[in-house]
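Coordinates as given in coords_14.pdb (PDB, C-alpha atoms):
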```pdb
ATOM      1  CA  GLN Z   1    -149.659 106.216  57.913  1.00  0.00           C
ATOM      2  CA  PHE Z   2    -146.924 107.753  55.752  1.00  0.00           C
ATOM      3  CA  LYS Z   3    -145.351 111.042  56.787  1.00  0.00           C
ATOM      4  CA  VAL Z   4    -145.339 113.387  53.783  1.00  0.00           C
ATOM      5  CA  LYS Z   5    -143.320 116.579  53.512  1.00  0.00           C
ATOM      6  CA  LYS Z   6    -144.642 118.498  50.515  1.00  0.00           C
ATOM      7  CA  GLY Z   7    -141.957 119.629  48.111  1.00  0.00           C
ATOM      8  CA  ILE Z   8    -139.067 118.258  50.199  1.00  0.00           C
ATOM      9  CA  MET Z   9    -137.333 115.234  48.720  1.00  0.00           C
ATOM     10  CA  MET Z  10    -135.304 112.966  50.995  1.00  0.00           C
ATOM     11  CA  LYS Z  11    -132.845 110.194  50.188  1.00  0.00           C
ATOM     12  CA  ILE Z  12    -134.302 106.914  51.450  1.00  0.00           C
ATOM     13  CA  ASN Z  13    -131.606 104.267  52.007  1.00  0.00           C
ATOM     14  CA  LEU Z  14    -133.286 100.849  52.066  1.00  0.00           C
ATOM     15  CA  MET Z  15    -131.049  98.165  53.583  1.00  0.00           C
ATOM     16  CA  ILE Z  16    -132.088  94.542  53.057  1.00  0.00           C
ATOM     17  CA  PHE Z  17    -130.225  91.543  54.474  1.00  0.00           C
ATOM     18  CA  ILE Z  18    -130.447  88.567  52.102  1.00  0.00           C
ATOM     19  CA  SER Z  19    -129.595  84.955  52.918  1.00  0.00           C
ATOM     20  CA  SER Z  20    -130.462  81.615  51.386  1.00  0.00           C
ATOM     21  CA  ILE Z  21    -131.753  78.500  53.090  1.00  0.00           C
ATOM     22  CA  LYS Z  22    -130.906  76.450  49.984  1.00  0.00           C
ATOM     23  CA  GLU Z  23    -127.287  77.521  49.673  1.00  0.00           C
ATOM     24  CA  GLN Z  24    -125.521  77.255  53.000  1.00  0.00           C
ATOM     25  CA  LYS Z  25    -122.603  79.656  53.013  1.00  0.00           C
ATOM     26  CA  GLU Z  26    -119.686  79.485  55.394  1.00  0.00           C
ATOM     27  CA  ASN Z  27    -120.889  80.672  58.831  1.00  0.00           C
ATOM     28  CA  ASN Z  28    -124.363  81.319  57.315  1.00  0.00           C
ATOM     29  CA  ILE Z  29    -123.272  84.768  56.158  1.00  0.00           C
ATOM     30  CA  GLY Z  30    -125.754  86.593  53.944  1.00  0.00           C
ATOM     31  CA  GLU Z  31    -125.466  89.712  51.847  1.00  0.00           C
ATOM     32  CA  LEU Z  32    -126.472  93.276  52.650  1.00  0.00           C
ATOM     33  CA  VAL Z  33    -128.122  95.100  49.759  1.00  0.00           C
ATOM     34  CA  ILE Z  34    -128.565  98.869  49.904  1.00  0.00           C
ATOM     35  CA  LYS Z  35    -130.892 100.729  47.543  1.00  0.00           C
ATOM     36  CA  THR Z  36    -131.304 104.498  47.569  1.00  0.00           C
ATOM     37  CA  PHE Z  37    -134.454 106.292  46.448  1.00  0.00           C
ATOM     38  CA  GLU Z  38    -135.559 109.912  46.564  1.00  0.00           C
ATOM     39  CA  SER Z  39    -139.017 110.459  47.962  1.00  0.00           C
ATOM     40  CA  ASN Z  40    -141.126 112.845  50.002  1.00  0.00           C
ATOM     41  CA  ILE Z  41    -142.713 109.859  51.766  1.00  0.00           C
ATOM     42  CA  ARG Z  42    -140.852 108.728  54.888  1.00  0.00           C
ATOM     43  CA  PRO Z  43    -141.287 105.081  55.928  1.00  0.00           C
ATOM     44  CA  VAL Z  44    -142.222 104.352  59.542  1.00  0.00           C
ATOM     45  CA  LYS Z  45    -141.756 101.235  61.650  1.00  0.00           C
ATOM     46  CA  GLY Z  46    -144.344  98.601  60.731  1.00  0.00           C
ATOM     47  CA  ASP Z  47    -144.831  99.716  57.111  1.00  0.00           C
ATOM     48  CA  ILE Z  48    -144.637  96.969  54.480  1.00  0.00           C
ATOM     49  CA  LEU Z  49    -142.441  97.820  51.492  1.00  0.00           C
ATOM     50  CA  ASP Z  50    -142.879  96.049  48.178  1.00  0.00           C
ATOM     51  CA  ASP Z  51    -139.724  95.607  46.105  1.00  0.00           C
ATOM     52  CA  PRO Z  52    -140.176  95.028  42.364  1.00  0.00           C
ATOM     53  CA  GLY Z  53    -136.538  93.888  42.203  1.00  0.00           C
ATOM     54  CA  PHE Z  54    -137.519  90.515  43.657  1.00  0.00           C
ATOM     55  CA  HIS Z  55    -140.033  88.027  42.258  1.00  0.00           C
ATOM     56  CA  PRO Z  56    -143.291  88.249  44.278  1.00  0.00           C
ATOM     57  CA  GLY Z  57    -143.302  84.441  44.610  1.00  0.00           C
ATOM     58  CA  PHE Z  58    -140.256  84.675  46.883  1.00  0.00           C
ATOM     59  CA  HIS Z  59    -141.440  87.399  49.254  1.00  0.00           C
ATOM     60  CA  ASN Z  60    -144.555  89.289  50.277  1.00  0.00           C
ATOM     61  CA  GLY Z  61    -142.909  92.600  51.086  1.00  0.00           C
ATOM     62  CA  TYR Z  62    -140.529  93.774  53.764  1.00  0.00           C
ATOM     63  CA  GLU Z  63    -141.559  95.173  57.125  1.00  0.00           C
ATOM     64  CA  VAL Z  64    -139.771  98.320  58.249  1.00  0.00           C
ATOM     65  CA  VAL Z  65    -138.187  97.473  61.604  1.00  0.00           C
ATOM     66  CA  LYS Z  66    -136.080 100.583  62.208  1.00  0.00           C
ATOM     67  CA  VAL Z  67    -135.933 104.102  60.786  1.00  0.00           C
ATOM     68  CA  THR Z  68    -132.932 106.368  61.332  1.00  0.00           C
ATOM     69  CA  MET Z  69    -133.084 110.017  60.292  1.00  0.00           C
ATOM     70  CA  ASN Z  70    -130.145 112.282  59.431  1.00  0.00           C
ATOM     71  CA  TYR Z  71    -131.503 115.773  58.833  1.00  0.00           C
ATOM     72  CA  ALA Z  72    -128.017 117.195  58.156  1.00  0.00           C
ATOM     73  CA  LEU Z  73    -127.681 114.859  55.138  1.00  0.00           C
ATOM     74  CA  ASN Z  74    -131.422 114.849  54.340  1.00  0.00           C
ATOM     75  CA  GLU Z  75    -131.358 111.049  54.607  1.00  0.00           C
ATOM     76  CA  CYS Z  76    -133.591 108.428  56.083  1.00  0.00           C
TER      77      CYS Z  76
END
```
Give the structure from this file in structure tokens form.
Amino acid sequence: QFKVKKGIMMKINLMIFISSIKEQKENNIGELVIKTFESNIRPVKGDILDDPGFHPGFHNGYEVVKVTMNYALNEC
């Protein structure tokens, strides 16, 4: 299901919106976390991404809901 471009690395910008149901912030505002990876595997809508930065007891992966490509910047 992954699209692979052999030998071509692309910057993958993973944006995750984080909020807490335990700590109610003013106006229920969460935080946007952006991680950047280099990969020759491009995610597609519906893929499930595992993130080792979060304890597996608190999530079971993140579903890709939108993919935006910028070929001029070699970014996804």
Report the centre and edge lengths, in Å to one decimal, of an axis-aligned box enclosing every atom of range 32-46 of chain Z listed in the file, padded by 6 Å on each side, as JSON.
```
{"center_x": -135.4, "center_y": 103.1, "center_z": 54.0, "size_x": 29.9, "size_y": 31.6, "size_z": 27.2}
```
Show which residues sit within 9 Å of Ile16 in chain Z, as a ChimeraX atom specification. Count only C-alpha atoms, and ignore same-chain residues fewer than 4 positions away.
/Z:31-35,62
Nearby residues (all atoms listed in the file) at most 8 Å from Val64 in chain Z, same-chain spacing under 4 positions excluded, as a ChimeraX atom specification
/Z:43-49
Any chance you could resolve the PyMOL selection byres ((chain Z and resi 11) around 12) against this file and give the residues as a PDB file with C-alpha atoms, keeping the file's coordinate frame?
```
ATOM      1  CA  ILE Z   8    -139.067 118.258  50.199  1.00  0.00           C
ATOM      2  CA  MET Z   9    -137.333 115.234  48.720  1.00  0.00           C
ATOM      3  CA  MET Z  10    -135.304 112.966  50.995  1.00  0.00           C
ATOM      4  CA  ILE Z  12    -134.302 106.914  51.450  1.00  0.00           C
ATOM      5  CA  ASN Z  13    -131.606 104.267  52.007  1.00  0.00           C
ATOM      6  CA  LEU Z  14    -133.286 100.849  52.066  1.00  0.00           C
ATOM      7  CA  LYS Z  35    -130.892 100.729  47.543  1.00  0.00           C
ATOM      8  CA  THR Z  36    -131.304 104.498  47.569  1.00  0.00           C
ATOM      9  CA  PHE Z  37    -134.454 106.292  46.448  1.00  0.00           C
ATOM     10  CA  GLU Z  38    -135.559 109.912  46.564  1.00  0.00           C
ATOM     11  CA  SER Z  39    -139.017 110.459  47.962  1.00  0.00           C
ATOM     12  CA  ASN Z  40    -141.126 112.845  50.002  1.00  0.00           C
ATOM     13  CA  ILE Z  41    -142.713 109.859  51.766  1.00  0.00           C
ATOM     14  CA  ARG Z  42    -140.852 108.728  54.888  1.00  0.00           C
ATOM     15  CA  PRO Z  43    -141.287 105.081  55.928  1.00  0.00           C
ATOM     16  CA  THR Z  68    -132.932 106.368  61.332  1.00  0.00           C
ATOM     17  CA  MET Z  69    -133.084 110.017  60.292  1.00  0.00           C
ATOM     18  CA  ASN Z  70    -130.145 112.282  59.431  1.00  0.00           C
ATOM     19  CA  TYR Z  71    -131.503 115.773  58.833  1.00  0.00           C
ATOM     20  CA  ALA Z  72    -128.017 117.195  58.156  1.00  0.00           C
ATOM     21  CA  LEU Z  73    -127.681 114.859  55.138  1.00  0.00           C
ATOM     22  CA  ASN Z  74    -131.422 114.849  54.340  1.00  0.00           C
ATOM     23  CA  GLU Z  75    -131.358 111.049  54.607  1.00  0.00           C
ATOM     24  CA  CYS Z  76    -133.591 108.428  56.083  1.00  0.00           C
TER      25      CYS Z  76
END
```
Separation of CA of Lys66 in chain Z from CA of Lys22 in chain Z, in Å and rounded to one decimal:
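Pair CA of Lys66 in chain Z / CA of Lys22 in chain Z returns 27.5 Å.
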Selection near Pro52 in chain Z, 12 Å with only C-alpha atoms, sequence-local residues under 5 positions removed, as a list in words
Gly57, Phe58, His59, Asn60, Gly61 and Tyr62 of chain Z
